[in-house]
file final-v2.csv (CSV, C-alpha atoms and all ligand atoms)
chain,number,residue,atom,x,y,z
X,1,MET,CA,-48.1,-15.2,59.2
X,2,ARG,CA,-45.6,-18.0,59.1
X,3,ARG,CA,-42.1,-17.7,60.6
X,4,LYS,CA,-39.3,-16.9,58.2
X,5,ILE,CA,-36.2,-18.9,58.7
X,6,VAL,CA,-32.7,-19.2,57.2
X,7,ALA,CA,-30.6,-22.0,58.5
X,8,GLY,CA,-26.9,-22.7,57.7
X,9,ASN,CA,-25.9,-26.4,57.6
X,10,TRP,CA,-22.1,-26.3,57.8
X,11,LYS,CA,-21.9,-30.1,57.2
X,12,MET,CA,-18.4,-31.5,57.9
X,13,ASN,CA,-16.6,-28.3,57.3
X,14,THR,CA,-14.5,-25.9,59.3
X,15,LEU,CA,-12.0,-26.6,62.2
X,16,LEU,CA,-13.1,-25.0,65.4
X,17,PRO,CA,-11.0,-21.8,65.0
X,18,GLU,CA,-12.5,-21.3,61.5
X,19,GLY,CA,-16.0,-21.9,62.9
X,20,GLU,CA,-15.3,-19.3,65.6
X,21,LEU,CA,-14.2,-16.8,63.0
X,22,LEU,CA,-17.3,-17.5,61.0
X,23,VAL,CA,-19.6,-16.8,64.0
X,24,LYS,CA,-17.7,-13.6,64.8
X,25,GLN,CA,-18.2,-12.5,61.2
X,26,ILE,CA,-21.9,-13.3,61.4
X,27,GLU,CA,-22.1,-11.4,64.7
X,28,PHE,CA,-20.5,-8.4,63.1
X,29,LEU,CA,-22.8,-8.5,60.0
X,30,THR,CA,-26.0,-9.0,62.0
X,31,LYS,CA,-25.3,-6.5,64.8
X,32,GLU,CA,-27.2,-3.7,63.0
X,33,LEU,CA,-29.5,-5.9,61.0
X,34,GLU,CA,-33.1,-5.3,61.5
X,35,THR,CA,-34.8,-8.5,60.4
X,36,ASP,CA,-37.7,-10.7,61.3
X,37,VAL,CA,-35.9,-13.7,59.9
X,38,GLU,CA,-34.9,-16.4,62.4
X,39,ILE,CA,-31.3,-17.3,61.9
X,40,ILE,CA,-30.0,-20.8,62.7
X,41,ILE,CA,-26.6,-22.3,62.3
X,42,ALA,CA,-25.8,-26.0,62.4
X,43,PRO,CA,-22.1,-26.4,63.0
X,44,PRO,CA,-20.4,-29.8,63.6
X,45,PHE,CA,-20.9,-31.4,67.0
X,46,THR,CA,-17.4,-30.6,68.1
X,47,HIS,CA,-18.1,-26.8,67.8
X,48,ILE,CA,-21.5,-26.6,69.5
X,49,ALA,CA,-20.3,-26.0,73.1
X,50,THR,CA,-17.8,-23.2,72.1
X,51,LEU,CA,-20.0,-21.5,69.6
X,52,GLY,CA,-23.0,-21.8,71.9
X,53,LYS,CA,-21.1,-19.9,74.6
X,54,TYR,CA,-20.1,-17.2,72.1
X,55,ILE,CA,-23.6,-16.7,70.9
X,56,LYS,CA,-24.8,-16.4,74.4
X,57,ASP,CA,-22.0,-14.1,75.6
X,58,TYR,CA,-22.6,-11.7,72.7
X,59,GLU,CA,-26.4,-12.0,72.9
X,60,MET,CA,-26.5,-12.9,69.2
X,61,ASN,CA,-29.9,-13.4,67.6
X,62,VAL,CA,-28.9,-16.8,66.3
X,63,SER,CA,-30.1,-20.2,67.3
X,64,LEU,CA,-28.1,-23.4,67.3
X,65,ALA,CA,-28.9,-26.6,65.6
X,66,ALA,CA,-27.2,-30.0,65.4
X,67,GLN,CA,-26.9,-31.9,62.2
X,68,ASN,CA,-28.0,-35.2,63.6
X,69,CYS,CA,-28.6,-37.1,66.8
X,70,ALA,CA,-28.7,-40.6,68.1
X,71,ASP,CA,-31.9,-42.7,67.8
X,72,GLN,CA,-31.4,-43.9,71.4
X,73,GLU,CA,-31.8,-41.9,74.6
X,74,HIS,CA,-28.5,-42.8,76.3
X,75,GLY,CA,-26.3,-45.8,77.1
X,76,ALA,CA,-23.8,-48.1,75.3
X,77,TYR,CA,-23.9,-46.6,71.8
X,78,THR,CA,-20.3,-45.8,71.1
X,79,GLY,CA,-19.8,-42.7,68.9
X,80,GLU,CA,-23.3,-41.4,69.2
X,81,VAL,CA,-24.6,-38.1,70.5
X,82,SER,CA,-27.9,-37.9,72.2
X,83,ALA,CA,-30.7,-35.3,71.8
X,84,LYS,CA,-30.4,-34.6,75.5
X,85,MET,CA,-26.7,-33.8,75.2
X,86,LEU,CA,-27.5,-31.4,72.4
X,87,HIS,CA,-30.3,-29.7,74.3
X,88,ASN,CA,-28.0,-29.3,77.2
X,89,LEU,CA,-25.5,-27.4,75.1
X,90,GLY,CA,-28.2,-25.0,74.0
X,91,CYS,CA,-29.4,-26.5,70.7
X,92,LYS,CA,-33.0,-25.6,69.8
X,93,TYR,CA,-33.1,-27.6,66.6
X,94,VAL,CA,-31.8,-30.8,65.1
X,95,ILE,CA,-31.6,-31.5,61.4
X,96,LEU,CA,-32.9,-34.9,60.7
X,97,GLY,CA,-33.1,-37.0,57.6
X,98,HIS,CA,-30.7,-35.0,55.4
X,99,SER,CA,-30.3,-36.8,52.1
X,100,GLU,CA,-26.6,-37.2,52.8
X,101,ARG,CA,-27.5,-39.2,55.9
X,102,ARG,CA,-30.2,-41.2,54.2
X,103,GLU,CA,-27.8,-42.0,51.4
X,104,TYR,CA,-24.4,-42.6,53.1
X,105,TYR,CA,-25.4,-43.6,56.6
X,106,GLY,CA,-28.5,-45.7,56.0
X,107,GLU,CA,-30.9,-43.3,57.7
X,108,ASN,CA,-34.4,-44.7,57.3
X,109,SER,CA,-37.9,-43.8,58.4
X,110,GLU,CA,-37.8,-46.0,61.4
X,111,SER,CA,-34.6,-44.4,62.9
X,112,LEU,CA,-35.9,-41.0,61.9
X,113,TYR,CA,-39.2,-41.5,63.7
X,114,LYS,CA,-37.3,-42.5,66.8
X,115,LYS,CA,-35.0,-39.5,66.5
X,116,ILE,CA,-37.9,-37.1,65.9
X,117,ASN,CA,-39.5,-38.3,69.1
X,118,LEU,CA,-36.3,-37.9,71.1
X,119,VAL,CA,-35.8,-34.4,69.8
X,120,LEU,CA,-39.4,-33.4,70.6
X,121,ASN,CA,-39.2,-34.9,74.0
X,122,GLU,CA,-36.3,-32.6,74.8
X,123,GLY,CA,-38.4,-29.6,73.8
X,124,MET,CA,-36.3,-29.1,70.6
X,125,SER,CA,-37.6,-28.9,67.0
X,126,PRO,CA,-36.6,-31.2,64.2
X,127,ILE,CA,-35.7,-29.7,60.8
X,128,PHE,CA,-37.0,-32.7,58.8
X,129,CYS,CA,-35.4,-33.0,55.4
X,130,ILE,CA,-37.1,-34.6,52.4
X,131,GLY,CA,-36.5,-34.5,48.7
X,132,GLU,CA,-36.3,-36.6,45.6
X,133,ARG,CA,-33.3,-37.8,43.6
X,134,LEU,CA,-32.6,-36.8,40.0
X,135,GLU,CA,-33.9,-40.1,38.5
X,136,GLU,CA,-37.1,-39.8,40.6
X,137,ARG,CA,-37.8,-36.3,39.2
X,138,GLU,CA,-36.9,-37.4,35.7
X,139,SER,CA,-39.4,-40.2,35.9
X,140,SER,CA,-42.0,-37.9,37.3
X,141,ARG,CA,-42.1,-39.7,40.7
X,142,HIS,CA,-41.0,-36.7,42.7
X,143,PHE,CA,-44.4,-36.0,44.3
X,144,GLU,CA,-44.9,-39.6,45.2
X,145,VAL,CA,-41.4,-39.9,46.8
X,146,VAL,CA,-41.8,-36.8,48.9
X,147,SER,CA,-45.3,-37.7,49.9
X,148,GLN,CA,-44.1,-41.1,51.1
X,149,GLN,CA,-41.2,-39.5,53.1
X,150,ILE,CA,-43.8,-37.4,54.9
X,151,LYS,CA,-46.3,-40.3,55.5
X,152,ASP,CA,-43.6,-42.7,56.8
X,153,VAL,CA,-42.5,-40.3,59.5
X,154,LEU,CA,-44.6,-37.2,60.1
X,155,TYR,CA,-48.0,-38.9,59.8
X,156,ARG,CA,-47.1,-40.9,62.9
X,157,LEU,CA,-46.9,-37.7,65.0
X,158,ARG,CA,-49.8,-36.0,66.9
X,159,GLY,CA,-50.9,-32.6,65.7
X,160,VAL,CA,-49.3,-30.8,68.6
X,161,GLU,CA,-46.0,-32.5,67.9
X,162,LEU,CA,-46.2,-31.8,64.1
X,163,ALA,CA,-46.7,-28.2,65.0
X,164,LYS,CA,-43.0,-28.1,66.3
X,165,VAL,CA,-41.5,-29.5,63.1
X,166,ILE,CA,-39.8,-27.4,60.4
X,167,VAL,CA,-39.7,-29.2,57.0
X,168,ALA,CA,-36.8,-28.7,54.6
X,169,TYR,CA,-37.4,-29.6,50.9
X,170,GLU,CA,-34.0,-30.4,49.4
X,171,PRO,CA,-34.1,-32.0,46.0
X,172,VAL,CA,-31.0,-34.2,46.0
X,173,TRP,CA,-30.1,-33.2,42.5
X,174,ALA,CA,-29.7,-29.5,43.6
X,175,ILE,CA,-27.5,-30.1,46.7
X,176,GLY,CA,-24.0,-28.9,46.2
X,177,THR,CA,-24.4,-29.1,42.4
X,178,GLY,CA,-24.9,-25.5,41.6
X,179,LYS,CA,-28.2,-26.6,40.0
X,180,THR,CA,-31.0,-24.9,41.8
X,181,ALA,CA,-34.7,-25.8,41.5
X,182,THR,CA,-36.4,-22.9,39.8
X,183,ALA,CA,-38.5,-20.8,42.1
X,184,ASP,CA,-41.6,-22.2,40.4
X,185,GLN,CA,-40.4,-25.8,40.9
X,186,ALA,CA,-39.7,-25.1,44.6
X,187,ASP,CA,-43.1,-23.4,45.1
X,188,GLU,CA,-45.0,-26.2,43.4
X,189,MET,CA,-43.4,-28.8,45.6
X,190,HIS,CA,-43.7,-26.7,48.8
X,191,ALA,CA,-47.5,-26.2,48.1
X,192,TYR,CA,-47.8,-29.9,47.5
X,193,ILE,CA,-45.9,-30.7,50.8
X,194,ARG,CA,-48.3,-28.4,52.7
X,195,ARG,CA,-51.3,-30.1,51.1
X,196,VAL,CA,-50.0,-33.6,52.0
X,197,ILE,CA,-49.4,-32.4,55.6
X,198,GLY,CA,-52.9,-30.8,55.6
X,199,ASP,CA,-54.6,-34.0,54.5
X,200,LYS,CA,-53.6,-35.5,57.8
X,201,PHE,CA,-53.3,-32.5,60.1
X,202,GLY,CA,-55.7,-30.0,58.7
X,203,ASP,CA,-55.0,-26.4,59.7
X,204,TYR,CA,-51.7,-27.2,61.4
X,205,SER,CA,-50.2,-27.4,57.9
X,206,GLU,CA,-50.7,-23.6,57.5
X,207,ASN,CA,-48.2,-22.8,60.1
X,208,ILE,CA,-45.4,-25.3,59.3
X,209,PRO,CA,-42.3,-23.5,58.0
X,210,ILE,CA,-41.1,-25.2,54.8
X,211,LEU,CA,-37.6,-24.3,53.8
X,212,TYR,CA,-35.9,-24.8,50.5
X,213,GLY,CA,-32.4,-26.2,50.3
X,214,GLY,CA,-30.1,-26.9,47.3
X,215,SER,CA,-27.5,-24.4,45.8
X,216,CYS,CA,-29.3,-21.5,47.4
X,217,LYS,CA,-27.2,-18.3,47.2
X,218,PRO,CA,-27.6,-14.5,47.5
X,219,SER,CA,-28.2,-14.3,43.7
X,220,ASN,CA,-31.2,-16.7,43.6
X,221,ALA,CA,-32.6,-16.5,47.2
X,222,LYS,CA,-34.8,-13.5,46.6
X,223,GLU,CA,-36.8,-15.1,43.8
X,224,ILE,CA,-37.2,-18.4,45.7
X,225,PHE,CA,-38.1,-16.8,49.0
X,226,GLY,CA,-40.6,-14.6,47.2
X,227,LYS,CA,-42.8,-17.6,46.6
X,228,GLU,CA,-46.0,-18.1,48.6
X,229,ASP,CA,-45.1,-21.5,50.1
X,230,VAL,CA,-41.4,-21.0,50.6
X,231,ASP,CA,-40.7,-19.9,54.2
X,232,GLY,CA,-36.9,-19.7,54.0
X,233,GLY,CA,-33.8,-21.8,53.2
X,234,LEU,CA,-31.5,-24.5,54.5
X,235,ILE,CA,-28.2,-23.4,53.2
X,236,GLY,CA,-25.1,-25.5,52.7
X,237,GLY,CA,-22.1,-24.1,50.9
X,238,ALA,CA,-23.1,-20.5,51.0
X,239,SER,CA,-23.5,-20.6,54.8
X,240,LEU,CA,-19.8,-21.1,55.1
X,241,VAL,CA,-19.2,-17.6,53.8
X,242,ALA,CA,-20.6,-15.0,56.2
X,243,GLN,CA,-21.3,-12.4,53.5
X,244,ASP,CA,-23.2,-14.8,51.4
X,245,PHE,CA,-25.1,-16.2,54.4
X,246,ILE,CA,-26.1,-12.7,55.5
X,247,GLY,CA,-26.9,-11.8,51.9
X,248,ILE,CA,-29.3,-14.7,51.7
X,249,ILE,CA,-31.0,-13.5,55.0
X,250,LYS,CA,-31.3,-10.0,53.5
X,251,SER,CA,-33.0,-11.5,50.5
X,252,PHE,CA,-36.3,-11.8,52.3
X,301,LIG,P1,-25.9,-26.6,49.2
X,301,LIG,O1,-26.5,-25.2,49.6
X,301,LIG,O2,-24.4,-26.6,49.4
X,301,LIG,O3,-26.4,-27.0,47.9
X,301,LIG,O4,-26.4,-27.6,50.3
X,301,LIG,C1,-27.8,-27.6,50.6
X,301,LIG,C2,-27.9,-28.5,51.8
X,301,LIG,O5,-27.7,-29.7,51.7
X,301,LIG,C3,-28.3,-27.9,53.1
X,301,LIG,O6,-28.7,-28.9,54.0

call {"tool": "encode", "arguments": {"input": "final-v2.csv", "output": "structure tokens"}}
result
Amino acid sequence: MRRKIVAGNWKMNTLLPEGELLVKQIEFLTKELETDVEIIIAPPFTHIATLGKYIKDYEMNVSLAAQNCADQEHGAYTGEVSAKMLHNLGCKYVILGHSERREYYGENSESLYKKINLVLNEGMSPIFCIGERLEERESSRHFEVVSQQIKDVLYRLRGVELAKVIVAYEPVWAIGTGKTATADQADEMHAYIRRVIGDKFGDYSENIPILYGGSCKPSNAKEIFGKEDVDGGLIGGASLVAQDFIGIIKSF
């Protein structure tokens, strides 16, 4: 039985007081919630210390993730935040390779490979994002693109390291567009991703959680999460509204 996970990627949204309010609302709405879903939130760096303390003080069943980390361990890298700093604040996860970072900040397989190793060395787990652009799907290259993204980074890990990774399939054309992949499209790609991972790592692939991301909301989550190879979601916009985020968690 694979883990079920719903992770909220807040991106560059909320001021700290708004983030605190959102966590309080999540706390209120999850207090009585009996669920086997692992809940993760990825707020901006500036919120992590404060929200981490709140989560701990109120013994919330929520784990913290960061949205990125540096590709160097420490030192003269102005403006960067290291994996160790994030671990020290209580992060269990780091989102890596989000399409917005690949697209706007030149994130590539080399830097991602370094980051994955730094995250793993800290005992945290990467949430590794992959996914094709619209023109790649329209020209039927989506499987090839996704497979290459896996091979360029994950294939360089050892099996025991791969076992710590969460994969997030986020078709770029579905992010923030209101255009969701159909449940069948998601399932088809998730099964393919699991096969590509299995080609290199054998049975390890069976236990890797593969999350879907892209315009996921309470109204479509149930159908998507109902698919065999979909183990949860990486949620953007809807994770900023506590009711919607919890609604998605309840969809399992
Ligand atoms: P939306 O849910 O806003 O489409 O964003 C998805 C995403 O990019 C999560 O990482």

call {"tool": "closest_residue", "arguments": {"input": "final-v2.csv", "among": "X:Lys115, X:Val62, X:Met12, X:Ile39", "to": "Gly233 in chain X", "atoms": "all atoms listed in the file"}}
result
X:Ile39

call {"tool": "residues_around", "arguments": {"input": "final-v2.csv", "residues": "Ser125 in chain X", "least_positions_apart": "6", "cutoff": "6 Å", "atoms": "all atoms listed in the file", "output": "list of chain:residue names"}}
result
X:Tyr93, X:Lys164, X:Val165

call {"tool": "atom_distance", "arguments": {"input": "final-v2.csv", "atom1": "CA of Gly178 in chain X", "atom2": "atom C2 of ligand LIG 301 (chain X)"}}
result
11.0 Å

call {"tool": "closest_residue", "arguments": {"input": "final-v2.csv", "among": "X:Trp173, X:Phe28, X:Phe252, X:Phe143", "to": "ligand LIG 301 (chain X)", "atoms": "only C-alpha atoms and all ligand atoms"}}
result
X:Trp173

call {"tool": "closest_residue", "arguments": {"input": "final-v2.csv", "among": "X:Leu118, X:Leu33, X:Ala66, X:Val153", "to": "ligand LIG 301 (chain X)", "atoms": "all atoms listed in the file"}}
result
X:Ala66

call {"tool": "residues_around", "arguments": {"input": "final-v2.csv", "residues": "Glu136 in chain X", "least_positions_apart": "3", "cutoff": "12 Å", "atoms": "all atoms listed in the file", "output": "mmCIF file with C-alpha atoms, keeping the file's coordinate frame"}}
result
data_model
loop_
_atom_site.group_PDB
_atom_site.id
_atom_site.type_symbol
_atom_site.label_atom_id
_atom_site.label_comp_id
_atom_site.auth_asym_id
_atom_site.auth_seq_id
_atom_site.Cartn_x
_atom_site.Cartn_y
_atom_site.Cartn_z
ATOM 1 C CA GLY X 131 -36.500 -34.500 48.700
ATOM 2 C CA GLU X 132 -36.300 -36.600 45.600
ATOM 3 C CA ARG X 133 -33.300 -37.800 43.600
ATOM 4 C CA SER X 139 -39.400 -40.200 35.900
ATOM 5 C CA SER X 140 -42.000 -37.900 37.300
ATOM 6 C CA ARG X 141 -42.100 -39.700 40.700
ATOM 7 C CA HIS X 142 -41.000 -36.700 42.700
ATOM 8 C CA PHE X 143 -44.400 -36.000 44.300
ATOM 9 C CA GLU X 144 -44.900 -39.600 45.200
ATOM 10 C CA VAL X 145 -41.400 -39.900 46.800
ATOM 11 C CA VAL X 146 -41.800 -36.800 48.900
ATOM 12 C CA PRO X 171 -34.100 -32.000 46.000
ATOM 13 C CA VAL X 172 -31.000 -34.200 46.000
ATOM 14 C CA TRP X 173 -30.100 -33.200 42.500
#

call {"tool": "atom_distance", "arguments": {"input": "final-v2.csv", "atom1": "CA of Glu100 in chain X", "atom2": "CA of Ile210 in chain X"}}
result
18.9 Å

call {"tool": "atom_distance", "arguments": {"input": "final-v2.csv", "atom1": "CA of Met60 in chain X", "atom2": "CA of Glu206 in chain X"}}
result
28.9 Å

call {"tool": "residues_near_ligand", "arguments": {"input": "final-v2.csv", "ligand": "ligand LIG 301 (chain X)", "cutoff": "7 Å", "atoms": "only C-alpha atoms and all ligand atoms", "output": "MDAnalysis selection string"}}
result
chainID X and resid 9 98 170 174:178 213:216 234:238

call {"tool": "closest_residue", "arguments": {"input": "final-v2.csv", "among": "X:Leu240, X:Gly247, X:Thr35, X:Ile55", "to": "Leu22 in chain X", "atoms": "only C-alpha atoms"}}
result
X:Leu240

call {"tool": "residues_around", "arguments": {"input": "final-v2.csv", "residues": "range 220-232 of chain X", "least_positions_apart": "6", "cutoff": "6 Å", "atoms": "only C-alpha atoms", "output": "ChimeraX atom specification"}}
result
/X:4-6,183,187,190-191,209-211,248,251

call {"tool": "closest_residue", "arguments": {"input": "final-v2.csv", "among": "X:Thr30, X:Gln67, X:Gln72, X:Thr14", "to": "Gln243 in chain X", "atoms": "all atoms listed in the file"}}
result
X:Thr30

call {"tool": "residues_around", "arguments": {"input": "final-v2.csv", "residues": "Val167 in chain X", "least_positions_apart": "3", "cutoff": "9 Å", "atoms": "all atoms listed in the file", "output": "list in words"}}
result
Pro126, Ile127, Phe128, Cys129, Ile130, Ile193, Ile208, Pro209, Ile210, Leu211 and Tyr212 of chain X

call {"tool": "closest_residue", "arguments": {"input": "final-v2.csv", "among": "X:Lys114, X:Lys53, X:Arg137, X:Arg102", "to": "Ala83 in chain X", "atoms": "only C-alpha atoms"}}
result
X:Lys114

call {"tool": "residues_around", "arguments": {"input": "final-v2.csv", "residues": "Asn207 in chain X", "least_positions_apart": "6", "cutoff": "9 Å", "atoms": "all atoms listed in the file", "output": "JSON, numbers by chain"}}
result
{"X": [1, 2, 3, 163]}
